[in-house]
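Undergrad: Sharing coords.txt (compact mmCIF, C-alpha atoms) below.
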```txt
# COMPACT_ATOMS: atom_id res chain seq x y z
CA ASP T 1199 -1.96 7.94 -16.08
CA ALA T 1200 -5.58 6.93 -15.59
CA TYR T 1201 -4.54 4.58 -12.80
CA ALA T 1202 -2.42 7.30 -11.18
CA ALA T 1203 -5.39 9.66 -11.32
CA SER T 1204 -7.55 7.09 -9.54
CA SER T 1205 -4.86 6.71 -6.85
CA TYR T 1206 -5.01 10.44 -6.13
CA THR T 1207 -8.80 10.46 -6.22
CA ARG T 1208 -9.06 7.55 -3.79
CA ALA T 1209 -6.46 8.98 -1.41
CA LEU T 1210 -8.11 12.41 -1.30
CA SER T 1211 -11.51 10.81 -0.77
CA ALA T 1212 -10.14 8.66 2.06
CA ILE T 1213 -8.59 11.71 3.72
CA LYS T 1214 -11.79 13.74 3.40
CA SER T 1215 -13.93 10.96 4.87
CA GLY T 1216 -11.52 10.30 7.74
CA LYS T 1217 -10.49 6.80 6.66
CA PHE T 1218 -6.85 7.42 7.66
CA THR T 1219 -7.59 9.05 11.01
CA GLY T 1220 -7.34 5.85 13.06
CA GLU T 1221 -4.03 4.74 11.59
CA ILE T 1222 -2.17 8.06 11.72
CA VAL T 1223 -0.41 9.13 14.91
CA PRO T 1224 -0.52 12.95 15.20
CA VAL T 1225 2.98 14.47 15.29
CA PRO T 1226 3.38 17.84 17.05
CA VAL T 1227 5.44 20.21 14.91
CA PRO T 1228 7.18 22.96 16.94
CA GLN T 1229 6.63 26.50 15.68
CA ARG T 1230 8.91 29.52 16.04
CA LYS T 1231 6.17 31.21 17.99
CA GLY T 1232 3.22 29.78 19.84
CA GLU T 1233 2.17 26.22 20.43
CA ALA T 1234 3.14 23.22 18.34
CA VAL T 1235 0.85 22.41 15.42
CA PRO T 1236 -0.32 18.78 15.14
CA PHE T 1237 0.59 17.10 11.85
CA LEU T 1238 -2.49 15.03 11.03
CA VAL T 1239 -2.81 14.64 7.26
CA ASP T 1240 -0.48 13.27 4.59
CA GLU T 1241 0.76 16.13 2.41
CA GLU T 1242 1.44 14.37 -0.89
CA PRO T 1243 -2.12 13.70 -2.16
CA GLY T 1244 -2.91 17.41 -2.08
CA ARG T 1245 0.12 18.23 -4.22
CA GLY T 1246 -0.96 16.16 -7.20
CA ASN T 1247 -2.08 17.84 -10.42
CA VAL T 1248 -4.30 15.17 -11.94
CA PRO T 1249 -5.24 17.07 -15.16
CA LYS T 1250 -1.53 17.48 -15.94
CA LEU T 1251 -0.69 13.76 -15.71
CA PRO T 1252 -1.14 12.92 -19.44
CA SER T 1253 1.17 15.76 -20.51
CA LEU T 1254 4.20 14.75 -18.44
CA ARG T 1255 7.29 13.49 -20.27
CA PRO T 1256 8.45 9.86 -19.97
CA ALA T 1257 11.17 9.50 -17.35
CA PHE T 1258 13.31 6.71 -18.79
CA GLU T 1259 12.65 6.15 -22.49
CA LYS T 1260 11.46 8.57 -25.16
CA ASN T 1261 8.39 6.48 -25.89
CA GLY T 1262 8.06 5.05 -22.39
CA THR T 1263 5.01 5.13 -20.17
CA VAL T 1264 6.58 5.91 -16.77
CA THR T 1265 6.46 9.58 -15.78
CA ALA T 1266 7.00 11.50 -12.57
CA GLY T 1267 3.22 11.61 -12.24
CA ASN T 1268 2.49 7.89 -12.41
CA ALA T 1269 5.44 6.87 -10.23
CA SER T 1270 5.62 7.07 -6.46
CA THR T 1271 7.17 10.05 -4.77
CA ILE T 1272 9.89 9.62 -2.14
CA ASN T 1273 8.67 11.10 1.11
CA ASP T 1274 9.54 11.26 4.77
CA GLY T 1275 7.41 8.87 6.78
CA ALA T 1276 7.40 6.14 9.39
CA ALA T 1277 5.19 3.21 10.30
CA ALA T 1278 5.23 0.70 13.15
CA ILE T 1279 3.55 -2.66 13.70
CA VAL T 1280 3.72 -4.89 16.77
CA VAL T 1281 3.94 -8.61 15.95
CA MET T 1282 3.70 -11.28 18.65
CA SER T 1283 2.53 -14.83 19.23
CA SER T 1284 -1.00 -15.53 20.43
CA ASP T 1285 0.46 -16.77 23.73
CA ALA T 1286 2.31 -13.49 24.24
CA ALA T 1287 -0.81 -11.50 23.39
CA LYS T 1288 -2.80 -13.39 26.02
CA ARG T 1289 -0.05 -13.00 28.60
CA LEU T 1290 0.24 -9.26 28.01
CA GLY T 1291 -3.48 -8.65 27.69
CA ALA T 1292 -3.04 -7.31 24.15
CA LYS T 1293 -5.94 -7.32 21.72
CA PRO T 1294 -4.72 -8.30 18.23
CA ILE T 1295 -6.48 -6.76 15.25
CA ALA T 1296 -5.32 -9.44 12.80
CA ARG T 1297 -3.32 -12.64 12.51
CA ILE T 1298 -0.76 -13.55 9.89
CA VAL T 1299 -2.16 -16.39 7.79
CA GLY T 1300 0.95 -16.84 5.67
CA TYR T 1301 3.61 -15.12 3.61
CA ALA T 1302 5.64 -15.74 0.47
CA THR T 1303 8.48 -14.26 -1.55
CA ALA T 1304 9.39 -14.32 -5.23
CA SER T 1305 12.54 -13.56 -7.21
CA LEU T 1306 12.84 -12.74 -10.91
CA GLU T 1307 15.48 -11.16 -13.12
CA PRO T 1308 16.02 -7.60 -11.79
CA VAL T 1309 14.55 -6.04 -14.93
CA TRP T 1310 11.22 -7.74 -14.15
CA PHE T 1311 10.89 -6.42 -10.59
CA THR T 1312 7.59 -4.74 -11.45
CA ILE T 1313 5.81 -8.06 -11.95
CA ALA T 1314 7.44 -9.92 -9.04
CA PRO T 1315 4.42 -9.23 -6.75
CA VAL T 1316 2.31 -11.34 -9.13
CA ASP T 1317 4.46 -14.40 -8.43
CA ALA T 1318 4.65 -13.64 -4.70
CA ILE T 1319 0.86 -13.35 -4.37
CA ARG T 1320 0.28 -16.43 -6.52
CA THR T 1321 2.66 -18.45 -4.31
CA LEU T 1322 0.99 -17.07 -1.17
CA LEU T 1323 -2.48 -18.11 -2.33
CA ARG T 1324 -1.19 -21.58 -3.14
CA LYS T 1325 0.54 -21.94 0.25
CA THR T 1326 -2.47 -20.80 2.26
CA GLY T 1327 -5.02 -22.67 0.16
CA ILE T 1328 -7.25 -19.59 0.19
CA ALA T 1329 -8.68 -18.60 -3.19
CA LYS T 1330 -8.23 -15.02 -4.36
CA GLU T 1331 -12.01 -14.67 -4.49
CA LYS T 1332 -12.06 -15.01 -0.69
CA VAL T 1333 -9.56 -12.18 -0.25
CA GLY T 1334 -11.56 -9.04 0.37
CA LEU T 1335 -8.84 -6.44 -0.16
CA PHE T 1336 -5.39 -6.20 -1.70
CA GLU T 1337 -2.72 -3.58 -1.00
CA ILE T 1338 -0.04 -3.60 -3.69
CA ASN T 1339 2.63 -0.94 -3.36
CA GLU T 1340 2.56 1.56 -6.19
CA ALA T 1341 6.29 2.04 -6.66
CA PHE T 1342 5.04 2.75 -10.16
CA ALA T 1343 1.43 2.65 -11.31
CA GLY T 1344 2.52 -0.18 -13.59
CA VAL T 1345 3.28 -2.44 -10.60
CA ALA T 1346 -0.32 -2.39 -9.41
CA ILE T 1347 -1.65 -2.61 -12.97
CA ALA T 1348 0.54 -5.66 -13.66
CA ALA T 1349 -0.79 -7.39 -10.54
CA ILE T 1350 -4.41 -6.57 -11.35
CA ARG T 1351 -4.03 -7.95 -14.86
CA GLY T 1352 -1.69 -10.82 -14.04
CA LEU T 1353 -3.92 -12.14 -11.25
CA SER T 1354 -7.25 -11.03 -12.76
CA LEU T 1355 -8.08 -9.00 -9.66
CA ASP T 1356 -11.07 -6.73 -9.26
CA PRO T 1357 -9.62 -3.17 -9.37
CA GLU T 1358 -12.25 -2.10 -6.86
CA ARG T 1359 -10.57 -4.36 -4.25
CA VAL T 1360 -7.03 -3.09 -4.84
CA ASN T 1361 -5.59 -0.05 -3.02
CA VAL T 1362 -9.04 1.19 -2.10
CA HIS T 1363 -7.66 4.25 -0.30
CA GLY T 1364 -5.08 5.10 -2.94
CA GLY T 1365 -1.46 4.07 -2.95
CA ALA T 1366 2.14 5.25 -3.13
CA VAL T 1367 1.59 7.25 -6.32
CA ALA T 1368 -0.57 9.61 -4.26
CA LEU T 1369 0.54 8.95 -0.68
CA GLY T 1370 4.27 8.63 -1.24
CA HIS T 1371 6.82 5.86 -0.84
CA PRO T 1372 9.05 6.44 2.22
CA VAL T 1373 11.92 3.99 1.77
CA GLY T 1374 11.95 1.45 4.58
CA CYS T 1375 8.42 2.38 5.63
CA SER T 1376 6.11 1.26 2.84
CA GLY T 1377 5.84 -2.40 3.84
CA ALA T 1378 4.50 -1.56 7.29
CA ARG T 1379 2.47 1.32 5.87
CA ILE T 1380 0.51 -0.72 3.32
CA LEU T 1381 -0.07 -3.51 5.85
CA THR T 1382 -1.41 -1.00 8.39
CA THR T 1383 -3.68 0.60 5.79
CA LEU T 1384 -4.86 -2.85 4.72
CA MET T 1385 -5.83 -3.90 8.24
CA TYR T 1386 -7.72 -0.68 8.94
CA ALA T 1387 -9.53 -0.89 5.59
CA MET T 1388 -10.48 -4.51 6.32
CA ALA T 1389 -11.94 -3.49 9.67
CA ASP T 1390 -13.80 -0.59 8.07
CA ARG T 1391 -15.32 -2.79 5.37
CA GLY T 1392 -15.81 -5.94 7.40
CA GLU T 1393 -13.48 -8.05 5.24
CA ARG T 1394 -12.04 -11.27 6.66
CA TYR T 1395 -8.90 -11.73 4.56
CA GLY T 1396 -6.48 -9.24 3.04
CA VAL T 1397 -3.20 -9.44 1.14
CA ALA T 1398 -0.37 -6.89 1.10
CA SER T 1399 2.50 -7.11 -1.37
CA LEU T 1400 5.34 -4.99 -2.68
CA CYS T 1401 8.37 -5.27 -4.92
CA ILE T 1402 11.55 -4.81 -2.90
CA GLY T 1403 14.21 -4.20 -5.53
CA GLY T 1404 16.54 -6.54 -7.36
CA GLY T 1405 13.65 -8.42 -8.94
CA GLU T 1406 12.22 -9.54 -5.61
CA ALA T 1407 8.79 -9.21 -3.99
CA VAL T 1408 7.08 -10.25 -0.78
CA ALA T 1409 3.42 -10.88 0.04
CA VAL T 1410 1.58 -11.50 3.30
CA MET T 1411 -2.00 -12.52 4.06
CA VAL T 1412 -3.77 -11.43 7.23
CA GLU T 1413 -7.10 -12.38 8.77
CA LYS T 1414 -9.14 -9.84 10.71
CA LEU T 1415 -9.78 -10.83 14.32
```
Represent the structure of the file as structure tokens.
TA:
Amino acid sequence: DAYAASSYTRALSAIKSGKFTGEIVPVPVPQRKGEAVPFLVDEEPGRGNVPKLPSLRPAFEKNGTVTAGNASTINDGAAAIVVMSSDAAKRLGAKPIARIVGYATASLEPVWFTIAPVDAIRTLLRKTGIAKEKVGLFEINEAFAGVAIAAIRGLSLDPERVNVHGGAVALGHPVGCSGARILTTLMYAMADRGERYGVASLCIGGGEAVAVMVEKL
């Protein structure tokens, strides 16, 4: 619950300070009368009731820790990323904001899907040869608060470098969108903070997880 509260706090702070402005494409919403209203801000963070989090009932087991408040919400959303080779970028005159350094996957028994990102990130760091201390920021999808907590503890990460603008607990978890969403947020946060390397990871069901490292250009 404490982690979920911090996710809401970080997301609301990021919205207030305009951290998401560059990565959100305004969507005009037609009205019955008058001009369309631009949709500019994620709705979910403002719906959270942080003081109520500790009083919510466990969702799965009587003495469990997962509640509706410390799990992600399922929202409508979309994200898009353009990926191309450096040769194609030069040919098209595109200006890349980051390059993919490497990626990795991991598979565990389905029941352990929440800790699969730990193995994926560990494998990624080993493959790239880049120490976690050199990674400025991590985005780990908060399908449940426990997923991010498990990664922070399992990899001994600095919590201040993980999901710095909040995560899916506060922002929502649009199925089929979250991978691109957390990678987009990661790249914009890296640019904002001047970080060279960043890692994005998420569990993808069935005990699997994927992780990718990018370098700011």
Undergrad: For region 1332-1335 of chain T, please output as a PyMOL selection string all residues within 8 Å (counting all atoms listed in the file; exclusion window: fewer than 3 positions along the same chain).
TA: chain T and resi 1328-1329+1359-1362+1384+1388+1393-1397
Undergrad: Please indicate the distance in Å from CA of Ala1296 (chain T) to CA of Ala1398 (chain T), rounded to one decimal place.
TA: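 Going from CA of Ala1296 (chain T) over to CA of Ala1398 (chain T) covers 13.0 Å.
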Undergrad: Do a neighbour search on Ser1204 (chain T) at 10 Å with only C-alpha atoms, toss out local chain neighbours closer than 6 positions, and write the hits as number ranges by chain.
TA: T: 1210, 1248, 1361-1365, 1367-1368
Undergrad: For Glu1307 (chain T), which of T:Asp1199, T:Gly1404, T:Ile1380, T:Asn1261 is the closest residue, counting only C-alpha atoms?
TA: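 Closest to Glu1307 (chain T), using only C-alpha atoms: T:Gly1404.
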Undergrad: One number please: CA of Asp1240 (chain T) to CA of Thr1207 (chain T), in Å, one decimal.
TA: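 Straight-line distance from CA of Asp1240 (chain T) to CA of Thr1207 (chain T) works out to 13.9 Å.
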Undergrad: Distance CA of Gly1232 (chain T)-CA of Asp1274 (chain T), one decimal place?
TA: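 Going from CA of Gly1232 (chain T) over to CA of Asp1274 (chain T), I get 24.7 Å.
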